[in-house]
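Student: Got a structure for you, run_13.cif, holding mmCIF, C-alpha atoms.
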```
data_entry
#
loop_
_atom_site.label_atom_id
_atom_site.label_comp_id
_atom_site.auth_asym_id
_atom_site.auth_seq_id
_atom_site.Cartn_x
_atom_site.Cartn_y
_atom_site.Cartn_z
CA MET A 1 44.93 157.04 58.96
CA PRO A 2 45.68 155.38 55.59
CA GLU A 3 43.59 152.33 54.59
CA GLN A 4 46.06 149.49 54.37
CA GLN A 5 44.51 146.35 55.82
CA HIS A 6 44.17 144.61 52.47
CA ILE A 7 47.89 143.85 52.61
CA ILE A 8 48.55 140.15 53.17
CA LEU A 9 51.18 140.24 55.87
CA PRO A 10 53.71 137.43 56.26
CA GLU A 11 52.91 135.17 59.21
CA PRO A 12 56.17 135.94 61.10
CA THR A 13 55.33 139.65 60.92
CA LEU A 14 51.80 138.98 62.20
CA ARG A 15 53.33 136.98 65.05
CA ARG A 16 55.65 139.82 66.02
CA LEU A 17 53.30 142.80 65.70
CA PRO A 18 51.32 141.88 68.87
CA TRP A 19 54.64 141.79 70.79
CA TYR A 20 55.38 145.34 69.68
CA LEU A 21 51.87 146.43 70.59
CA ALA A 22 52.08 144.88 74.07
CA TYR A 23 55.43 146.57 74.72
CA ILE A 24 54.27 149.93 73.33
CA ASP A 25 51.17 149.77 75.52
CA ILE A 26 53.35 149.13 78.58
CA LEU A 27 55.34 152.27 77.69
CA ARG A 28 52.10 154.17 77.16
CA SER A 29 50.83 153.11 80.59
CA GLN A 30 54.08 154.55 81.99
CA GLY A 31 53.56 157.88 80.22
CA VAL A 32 56.47 157.40 77.80
CA LYS A 33 56.02 159.56 74.67
CA THR A 34 58.55 158.25 72.14
CA VAL A 35 60.59 155.09 71.67
CA SER A 36 63.42 154.07 69.34
CA SER A 37 63.45 150.81 67.45
CA THR A 38 66.69 150.02 69.29
CA LYS A 39 64.86 150.25 72.60
CA ILE A 40 62.00 148.07 71.33
CA ALA A 41 64.57 145.63 69.96
CA LYS A 42 66.33 145.36 73.32
CA ALA A 43 63.11 144.97 75.29
CA ILE A 44 61.62 142.17 73.24
CA ASN A 45 64.76 140.57 71.84
CA VAL A 46 64.03 141.04 68.13
CA ASP A 47 66.59 142.61 65.78
CA SER A 48 65.88 146.32 65.22
CA SER A 49 66.14 145.92 61.43
CA ILE A 50 63.33 143.35 61.57
CA ILE A 51 61.23 145.71 63.68
CA ALA A 52 61.76 148.58 61.23
CA LYS A 53 60.82 146.29 58.34
CA ASP A 54 57.70 144.95 60.10
CA LEU A 55 56.56 148.47 60.97
CA SER A 56 57.17 149.68 57.41
CA PHE A 57 54.17 147.49 56.38
CA LEU A 58 52.08 149.88 58.47
CA ASN A 59 53.58 152.95 56.81
CA VAL A 60 54.97 153.98 60.17
CA ARG A 61 58.47 155.33 60.23
CA GLY A 62 60.41 156.56 63.20
CA LYS A 63 62.01 160.00 63.26
CA THR A 64 65.78 160.25 63.43
CA ARG A 65 67.04 160.51 67.01
CA ILE A 66 63.44 160.60 68.33
CA GLY A 67 61.99 157.32 67.21
CA TYR A 68 58.32 156.36 67.11
CA GLU A 69 55.52 158.23 68.81
CA VAL A 70 54.13 155.82 71.40
CA ASN A 71 50.47 156.87 71.25
CA LEU A 72 50.37 156.92 67.47
CA LEU A 73 52.18 153.60 67.13
CA SER A 74 49.79 151.95 69.59
CA GLU A 75 46.77 153.21 67.68
CA VAL A 76 48.15 152.26 64.27
CA LEU A 77 49.19 148.80 65.47
CA SER A 78 45.91 147.89 67.12
CA ASN A 79 43.91 149.22 64.16
CA PHE A 80 46.12 147.41 61.73
CA LEU A 81 45.85 144.13 63.65
CA GLY A 82 42.07 144.46 63.58
CA PHE A 83 41.77 144.65 67.37
CA LYS A 84 39.71 147.88 67.22
CA GLN A 85 37.00 146.53 64.94
CA SER A 86 34.39 144.01 66.01
CA HIS A 87 34.42 140.60 64.31
CA LYS A 88 31.43 138.36 64.86
CA ALA A 89 32.20 134.79 65.79
CA VAL A 90 30.36 131.65 66.86
CA VAL A 91 31.61 128.81 69.06
CA VAL A 92 30.86 125.28 67.84
CA GLY A 93 31.19 122.82 70.71
CA VAL A 94 30.31 124.24 74.10
CA GLY A 95 32.18 121.71 76.20
CA SER A 96 34.83 122.66 78.69
CA LEU A 97 37.05 124.61 76.28
CA GLY A 98 34.25 126.17 74.22
CA ALA A 99 32.48 127.42 77.35
CA SER A 100 35.81 128.77 78.62
CA LEU A 101 36.29 130.81 75.47
CA ILE A 102 32.78 132.25 75.80
CA HIS A 103 33.61 133.13 79.43
CA ASP A 104 36.86 134.79 78.38
CA THR A 105 35.58 138.34 78.01
CA GLY A 106 39.15 139.46 77.37
CA LEU A 107 38.86 138.33 73.75
CA ALA A 108 36.44 141.22 73.14
CA ASN A 109 39.35 143.61 73.80
CA TYR A 110 40.99 142.08 70.75
CA GLY A 111 38.01 142.54 68.46
CA LEU A 112 36.38 139.13 68.87
CA ASP A 113 32.61 139.35 69.37
CA ILE A 114 31.20 135.91 70.18
CA VAL A 115 27.48 136.05 69.34
CA ALA A 116 26.35 132.41 69.68
CA GLY A 117 27.35 128.92 70.73
CA PHE A 118 26.27 125.56 69.26
CA ASP A 119 26.17 122.07 70.69
CA THR A 120 24.37 118.75 70.37
CA ASN A 121 23.88 118.29 74.12
CA PRO A 122 20.17 118.80 75.00
CA ALA A 123 21.19 119.99 78.48
CA LEU A 124 23.01 122.95 76.92
CA ILE A 125 20.70 123.86 74.05
CA GLY A 126 18.48 126.81 74.94
CA THR A 127 20.71 127.96 77.80
CA GLU A 128 22.99 131.00 77.90
CA ILE A 129 26.61 131.44 78.94
CA CYS A 130 27.51 135.00 79.90
CA GLY A 131 24.44 136.11 77.97
CA ILE A 132 25.43 134.21 74.81
CA PRO A 133 22.67 131.85 73.60
CA ILE A 134 23.54 128.19 72.97
CA HIS A 135 21.72 126.71 69.97
CA ASN A 136 21.22 123.27 68.53
CA ILE A 137 23.86 122.62 65.86
CA ASN A 138 20.93 121.84 63.52
CA GLU A 139 20.09 125.52 63.55
CA PHE A 140 23.58 126.54 62.52
CA ALA A 141 22.77 127.82 59.03
CA GLN A 142 19.88 130.04 60.07
CA VAL A 143 21.64 131.47 63.15
CA ARG A 144 24.80 132.07 61.13
CA GLU A 145 22.81 134.00 58.57
CA ALA A 146 20.83 135.97 61.13
CA THR A 147 23.94 136.99 63.08
CA ASP A 148 26.17 137.42 60.02
CA ALA A 149 29.07 135.85 61.89
CA THR A 150 32.12 135.14 59.72
CA ILE A 151 34.41 133.39 62.21
CA GLY A 152 33.75 129.87 63.52
CA ILE A 153 35.59 128.72 66.63
CA LEU A 154 35.94 124.94 66.54
CA THR A 155 35.95 123.34 69.99
CA VAL A 156 34.07 120.08 69.43
CA PRO A 157 35.41 116.65 70.46
CA PHE A 158 38.00 115.68 67.87
CA THR A 159 35.81 112.89 66.45
CA GLN A 160 33.37 115.57 65.28
CA ALA A 161 35.87 118.16 64.10
CA GLN A 162 35.64 117.54 60.36
CA ASP A 163 31.82 117.31 60.33
CA ALA A 164 31.49 120.51 62.34
CA ALA A 165 33.93 122.33 60.06
CA ASP A 166 31.97 121.16 56.99
CA THR A 167 28.72 122.42 58.56
CA MET A 168 30.29 125.81 59.25
CA VAL A 169 31.75 126.29 55.79
CA ALA A 170 28.52 125.17 54.08
CA ALA A 171 26.64 127.81 56.07
CA GLY A 172 28.91 130.66 55.06
CA ILE A 173 31.62 130.79 57.73
CA LYS A 174 34.73 132.38 56.19
CA ALA A 175 37.36 131.58 58.84
CA ILE A 176 37.81 128.66 61.21
CA TRP A 177 39.79 128.97 64.42
CA ASN A 178 40.59 125.35 65.19
CA PHE A 179 41.24 124.38 68.81
CA THR A 180 40.92 120.64 68.23
CA PRO A 181 44.01 118.48 67.80
CA CYS A 182 42.68 117.50 64.34
CA ARG A 183 43.95 118.42 60.94
CA VAL A 184 40.68 119.64 59.50
CA ARG A 185 40.37 119.87 55.72
CA ILE A 186 38.58 122.87 54.26
CA GLY A 187 38.08 124.27 50.79
CA GLU A 188 40.11 127.03 49.16
CA GLY A 189 39.37 130.58 50.16
CA ILE A 190 38.45 129.69 53.73
CA VAL A 191 40.85 131.02 56.35
CA MET A 192 42.11 128.46 58.85
CA THR A 193 44.18 129.00 61.97
CA SER A 194 44.95 126.38 64.57
CA THR A 195 45.76 127.01 68.20
CA SER A 196 47.59 123.84 69.09
CA ILE A 197 47.12 123.69 72.84
CA TYR A 198 47.92 119.98 72.93
CA ALA A 199 51.03 120.35 70.81
CA HIS A 200 52.20 123.11 73.16
CA LEU A 201 51.64 120.86 76.16
CA ALA A 202 53.54 118.05 74.44
CA LEU A 203 56.39 120.46 73.73
CA ILE A 204 56.54 121.57 77.37
CA TYR A 205 56.54 117.97 78.64
CA ASN A 206 59.16 116.88 76.15
CA ARG A 207 61.52 119.74 76.94
CA LEU A 208 61.07 119.31 80.71
CA GLU A 209 61.90 115.63 80.33
CA ALA A 210 64.95 116.46 78.24
CA ASN A 211 66.11 118.93 80.91
CA GLY A 212 65.71 116.29 83.58
CA SER A 213 63.07 118.44 85.29
CA LEU A 214 60.36 115.76 85.30
CA MET B 215 57.28 99.89 76.51
CA PRO B 216 60.81 101.29 76.03
CA GLU B 217 61.79 104.42 77.97
CA GLN B 218 62.41 107.04 75.33
CA GLN B 219 61.05 110.35 76.50
CA HIS B 220 64.48 111.91 77.02
CA ILE B 221 64.72 112.37 73.25
CA ILE B 222 64.48 116.04 72.29
CA LEU B 223 61.99 115.92 69.45
CA PRO B 224 62.02 118.55 66.70
CA GLU B 225 59.18 121.05 67.09
CA PRO B 226 57.51 120.19 63.75
CA THR B 227 57.35 116.53 64.85
CA LEU B 228 55.84 117.54 68.19
CA ARG B 229 53.27 119.60 66.30
CA ARG B 230 52.31 116.67 64.08
CA LEU B 231 52.21 113.85 66.65
CA PRO B 232 48.98 115.13 68.28
CA TRP B 233 47.35 115.10 64.80
CA TYR B 234 48.26 111.44 64.40
CA LEU B 235 46.98 110.67 67.89
CA ALA B 236 43.66 112.43 67.25
CA TYR B 237 43.16 110.56 64.00
CA ILE B 238 44.21 107.21 65.49
CA ASP B 239 41.78 107.73 68.37
CA ILE B 240 38.97 108.41 65.89
CA LEU B 241 39.79 105.08 64.21
CA ARG B 242 39.92 103.38 67.60
CA SER B 243 36.49 104.76 68.49
CA GLN B 244 35.25 103.19 65.24
CA GLY B 245 36.73 99.81 66.14
CA VAL B 246 39.40 99.90 63.42
CA LYS B 247 42.32 97.59 64.30
CA THR B 248 45.14 98.55 61.90
CA VAL B 249 46.01 101.51 59.71
CA SER B 250 48.62 102.16 57.04
CA SER B 251 50.76 105.30 56.96
CA THR B 252 49.25 105.95 53.51
CA LYS B 253 45.79 106.08 55.06
CA ILE B 254 46.98 108.38 57.87
CA ALA B 255 48.71 110.52 55.26
CA LYS B 256 45.54 110.88 53.22
CA ALA B 257 43.35 111.64 56.21
CA ILE B 258 45.47 114.40 57.68
CA ASN B 259 47.23 115.68 54.58
CA VAL B 260 50.83 115.01 55.64
CA ASP B 261 53.24 113.10 53.41
CA SER B 262 53.49 109.43 54.41
CA SER B 263 57.30 109.55 54.45
CA ILE B 264 57.12 112.32 57.08
CA ILE B 265 54.68 110.27 59.13
CA ALA B 266 56.95 107.22 59.01
CA LYS B 267 59.91 109.37 60.05
CA ASP B 268 57.99 111.03 62.90
CA LEU B 269 56.78 107.68 64.20
CA SER B 270 60.28 106.20 63.99
CA PHE B 271 61.22 108.52 66.89
CA LEU B 272 58.80 106.44 68.96
CA ASN B 273 60.35 103.17 67.82
CA VAL B 274 57.05 102.26 66.21
CA ARG B 275 57.20 100.66 62.82
CA GLY B 276 54.29 99.52 60.72
CA LYS B 277 54.13 95.96 59.37
CA THR B 278 54.24 95.45 55.61
CA ARG B 279 50.76 95.33 54.09
CA ILE B 280 49.14 95.59 57.55
CA GLY B 281 50.37 98.91 58.85
CA TYR B 282 50.25 100.10 62.44
CA GLU B 283 48.19 98.55 65.20
CA VAL B 284 45.70 101.22 66.19
CA ASN B 285 45.46 100.44 69.93
CA LEU B 286 49.21 100.14 70.35
CA LEU B 287 49.93 103.29 68.36
CA SER B 288 47.41 105.28 70.40
CA GLU B 289 48.97 104.10 73.65
CA VAL B 290 52.54 104.72 72.52
CA LEU B 291 51.68 108.17 71.15
CA SER B 292 49.84 109.43 74.20
CA ASN B 293 52.51 108.05 76.53
CA PHE B 294 55.24 109.54 74.43
CA LEU B 295 53.55 112.93 74.31
CA GLY B 296 53.28 112.89 78.10
CA PHE B 297 49.47 112.96 78.08
CA LYS B 298 49.23 109.88 80.34
CA GLN B 299 51.36 111.28 83.15
CA SER B 300 50.25 114.02 85.49
CA HIS B 301 52.19 117.31 85.38
CA LYS B 302 51.55 119.78 88.17
CA ALA B 303 50.94 123.34 87.08
CA VAL B 304 49.96 126.68 88.60
CA VAL B 305 48.08 129.55 86.97
CA VAL B 306 49.47 133.03 87.59
CA GLY B 307 46.84 135.66 86.85
CA VAL B 308 43.28 134.51 87.53
CA GLY B 309 41.53 137.05 85.31
CA SER B 310 39.22 136.06 82.53
CA LEU B 311 41.65 133.81 80.66
CA GLY B 312 43.35 132.32 83.73
CA ALA B 313 40.02 131.41 85.29
CA SER B 314 38.92 129.90 81.96
CA LEU B 315 41.95 127.64 81.90
CA ILE B 316 41.23 126.48 85.46
CA HIS B 317 37.63 125.78 84.37
CA ASP B 318 38.83 123.82 81.34
CA THR B 319 38.85 120.37 82.87
CA GLY B 320 39.68 118.95 79.43
CA LEU B 321 43.34 119.86 79.98
CA ALA B 322 43.54 117.11 82.63
CA ASN B 323 42.96 114.58 79.84
CA TYR B 324 46.23 115.79 78.38
CA GLY B 325 48.22 115.39 81.58
CA LEU B 326 47.93 118.92 82.94
CA ASP B 327 47.10 119.00 86.65
CA ILE B 328 46.42 122.59 87.75
CA VAL B 329 46.93 122.66 91.53
CA ALA B 330 46.77 126.38 92.39
CA GLY B 331 46.06 129.84 91.07
CA PHE B 332 47.66 133.16 92.03
CA ASP B 333 46.50 136.74 91.79
CA THR B 334 46.91 140.15 93.39
CA ASN B 335 43.18 140.90 93.53
CA PRO B 336 41.95 140.71 97.18
CA ALA B 337 38.49 139.69 95.93
CA LEU B 338 39.97 136.50 94.45
CA ILE B 339 42.57 135.57 97.06
CA GLY B 340 41.29 132.87 99.39
CA THR B 341 38.55 131.76 96.99
CA GLU B 342 38.42 128.57 94.94
CA ILE B 343 37.65 127.93 91.26
CA CYS B 344 36.52 124.39 90.52
CA GLY B 345 38.10 123.38 93.82
CA ILE B 346 41.46 124.99 92.97
CA PRO B 347 42.62 127.46 95.67
CA ILE B 348 43.57 131.00 94.62
CA HIS B 349 46.50 132.40 96.59
CA ASN B 350 48.15 135.76 96.98
CA ILE B 351 51.05 136.04 94.55
CA ASN B 352 53.21 136.90 97.60
CA GLU B 353 52.84 133.29 98.68
CA PHE B 354 54.07 131.95 95.38
CA ALA B 355 57.39 130.52 96.58
CA GLN B 356 55.95 128.58 99.51
CA VAL B 357 52.94 127.22 97.59
CA ARG B 358 55.17 126.29 94.67
CA GLU B 359 57.42 124.33 97.00
CA ALA B 360 54.54 122.68 98.88
CA THR B 361 52.81 121.56 95.67
CA ASP B 362 56.01 120.79 93.76
CA ALA B 363 54.49 122.26 90.60
CA THR B 364 56.96 122.61 87.72
CA ILE B 365 54.80 124.35 85.10
CA GLY B 366 53.67 127.97 85.41
CA ILE B 367 50.82 129.20 83.23
CA LEU B 368 51.22 132.92 82.63
CA THR B 369 47.89 134.74 82.22
CA VAL B 370 48.54 138.09 83.91
CA PRO B 371 47.88 141.46 82.26
CA PHE B 372 50.75 142.10 79.87
CA THR B 373 52.17 144.92 81.97
CA GLN B 374 52.93 142.36 84.68
CA ALA B 375 54.13 139.51 82.47
CA GLN B 376 57.87 139.91 82.99
CA ASP B 377 57.60 140.41 86.77
CA ALA B 378 55.35 137.39 87.13
CA ALA B 379 57.68 135.25 85.03
CA ASP B 380 60.65 136.34 87.17
CA THR B 381 58.73 135.42 90.34
CA MET B 382 57.93 131.99 88.95
CA VAL B 383 61.46 131.18 87.84
CA ALA B 384 62.97 132.43 91.12
CA ALA B 385 60.66 130.05 93.00
CA GLY B 386 61.63 126.98 91.01
CA ILE B 387 59.20 126.84 88.10
CA LYS B 388 60.88 124.94 85.24
CA ALA B 389 58.51 125.71 82.35
CA ILE B 390 56.41 128.74 81.49
CA TRP B 391 53.37 128.50 79.26
CA ASN B 392 52.93 132.09 78.15
CA PHE B 393 49.44 133.24 77.13
CA THR B 394 50.27 136.96 77.24
CA PRO B 395 51.12 138.86 74.07
CA CYS B 396 54.50 139.71 75.63
CA ARG B 397 57.92 138.48 74.71
CA VAL B 398 59.00 137.40 78.18
CA ARG B 399 62.71 136.95 78.84
CA ILE B 400 63.80 134.00 80.95
CA GLY B 401 67.10 132.42 81.85
CA GLU B 402 68.68 129.42 80.15
CA GLY B 403 67.39 126.01 81.06
CA ILE B 404 63.82 127.18 81.58
CA VAL B 405 61.31 125.87 79.06
CA MET B 406 59.13 128.47 77.42
CA THR B 407 56.17 127.99 75.12
CA SER B 408 53.83 130.72 73.95
CA THR B 409 50.25 130.27 72.86
CA SER B 410 49.75 133.36 70.76
CA ILE B 411 45.99 133.79 70.89
CA TYR B 412 46.24 137.43 69.83
CA ALA B 413 48.57 136.70 66.94
CA HIS B 414 46.14 134.02 65.77
CA LEU B 415 43.28 136.51 65.90
CA ALA B 416 45.35 139.05 63.98
CA LEU B 417 46.12 136.40 61.37
CA ILE B 418 42.43 135.52 60.98
CA TYR B 419 41.42 139.19 60.63
CA ASN B 420 44.20 139.93 58.16
CA ARG B 421 43.42 136.95 55.93
CA LEU B 422 39.66 137.68 56.03
CA GLU B 423 40.39 141.24 54.99
CA ALA B 424 42.66 140.07 52.21
CA ASN B 425 39.91 137.71 50.98
CA GLY B 426 37.43 140.55 50.96
CA SER B 427 35.35 138.73 53.59
CA LEU B 428 35.34 141.57 56.10
#
```
Would you write the structure of this file as structure tokens?
Tutor:
Amino acid sequence: MPEQQHIILPEPTLRRLPWYLAYIDILRSQGVKTVSSTKIAKAINVDSSIIAKDLSFLNVRGKTRIGYEVNLLSEVLSNFLGFKQSHKAVVVGVGSLGASLIHDTGLANYGLDIVAGFDTNPALIGTEICGIPIHNINEFAQVREATDATIGILTVPFTQAQDAADTMVAAGIKAIWNFTPCRVRIGEGIVMTSTSIYAHLALIYNRLEANGSL
Amino acid sequence: MPEQQHIILPEPTLRRLPWYLAYIDILRSQGVKTVSSTKIAKAINVDSSIIAKDLSFLNVRGKTRIGYEVNLLSEVLSNFLGFKQSHKAVVVGVGSLGASLIHDTGLANYGLDIVAGFDTNPALIGTEICGIPIHNINEFAQVREATDATIGILTVPFTQAQDAADTMVAAGIKAIWNFTPCRVRIGEGIVMTSTSIYAHLALIYNRLEANGSL
């Protein structure tokens, strides 16, 4: 398989590729061997020209009148998305949400290997969740170095979000996955992605209200 | 407080309002009484004209040279975002992620009241997680009606996403919060929001790779 992961993909493409993978894996589970971009387009409601363009980033092209090979496309997609490699991550803030993410073993299927948690709560420090040790945040730098984790999952109370992010970056974390409702500021060259659970809830409530369903 | 929640807010505004609320609540916890839009703008890196426009949807206006009242703005924002009301929700698919969301009691602070879970696994049916009963998916319609839940949280394996969504909508669910990597199709008038955990992971991996950090 060609080495191609250094390509910086546009965000909309990165948003759509997991949809294709999920659909392709459904087909694979049904024993389907090939699929056309038209069929993918119909199933997931994305224009087939967009699909062909997105997949061209992966150097995958369908064959005329046959389409894409399902097994190959699944393998290329999940490799390309990084789901087949292991990426070491730490969770900072082992409250309700942080502990939930450590419990969510499903993330490992998508290449996320959580190796440690951190908190300031003495009742948590020194314990384990699903076999993952919870450390004092004071030990962040040394544990980060020892584990060589590059991804920091930020699940602290929002009042501590910026401080925790600063601690992570100072200790060598290269990417922050922010689950707090805060706009955290980080330096250049650090990757930052936010999963805006609270914004999604607000959107649901607002649209329900607008529909008269509340 | 004026009734104003029927306004359909633009998605970018709904994404930013929780940032303002988080920052305002940090100030409140510090005993700060008033804040200017310039100070908010600086803290969260959003242009102050955008902040003023977003807040004008809430009929909140700052006073010249004083700015916004912190306590009032916090109250108006969290009311407006729906975080102060209780919204009944059910979780469909009590695997790793679904169970995690039921465990995440923090969601209740944002107005989400999970009242039941559903699964097809006989080992789960009839059990409770954090006091929330787990039912057979066959009982969805009657439990939905009895609890009057309007929000369905979709955390099934992706091969079952469309079927589960169809079941929910047929039984009167008005909004689906989709955590699967699938593009689920639903009818008009049903609210749909996706939290694309897997796309966010793919984005982190891709950007790390591009930075040479992997």
Student: Using all atoms listed in the file, find each residue of region 268-327 of chain B with at least one atom at most 9 Å away from an atom of region 196-205 of chain A; report its shortest atom-to-atom pair and that distance in Å (one decimal), sort the rows by chain and rising residue number, and return the result as CSV.
Tutor:
```
residue,atom,partner,partner_atom,distance
B:Phe294,CA,A:Ala202,CA,8.7
B:Leu295,CA,A:Ala202,CA,5.1
B:Gly296,CA,A:Tyr205,CA,6.1
B:Phe297,CA,A:Ala202,CA,7.5
B:His301,CA,A:Tyr205,CA,8.0
B:Leu321,CA,A:Tyr198,CA,8.4
B:Tyr324,CA,A:Tyr198,CA,7.1
B:Gly325,CA,A:Leu201,CA,8.4
B:Leu326,CA,A:Leu201,CA,8.0
```
Student: Return the neighbours of chain A among the residues of chain B, cut-off 7 Å, counting only C-alpha atoms, as a ChimeraX atom specification.
Tutor: /B:219-222,228-229,232-233,236-237,240,258,295-296,310-311,314,317-320,372-373,388-389,395-397,405,407,412-414,416-424,427
Student: The PyMOL selection byres ((chain B and resi 304) around 12) - which residues does that actually catch in the file I just gave you? List them as a PyMOL selection string.
Tutor: chain B and resi 301-303+305-308+312-313+315-316+326-333+346-349+351+354-355+357-369+382+386-391
Student: Just give me the gap between CA of Asn79 (chain A) and CA of Ile66 (chain A) in Å, one decimal is fine.
Tutor: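 Interatomic distance, CA of Asn79 (chain A) to CA of Ile66 (chain A): 23.0 Å.
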Student: What gap, in Å, lies between CA of Ala52 (chain A) and CA of Ser37 (chain A)?
Tutor: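 Between these atoms lies a distance of 6.8 Å.
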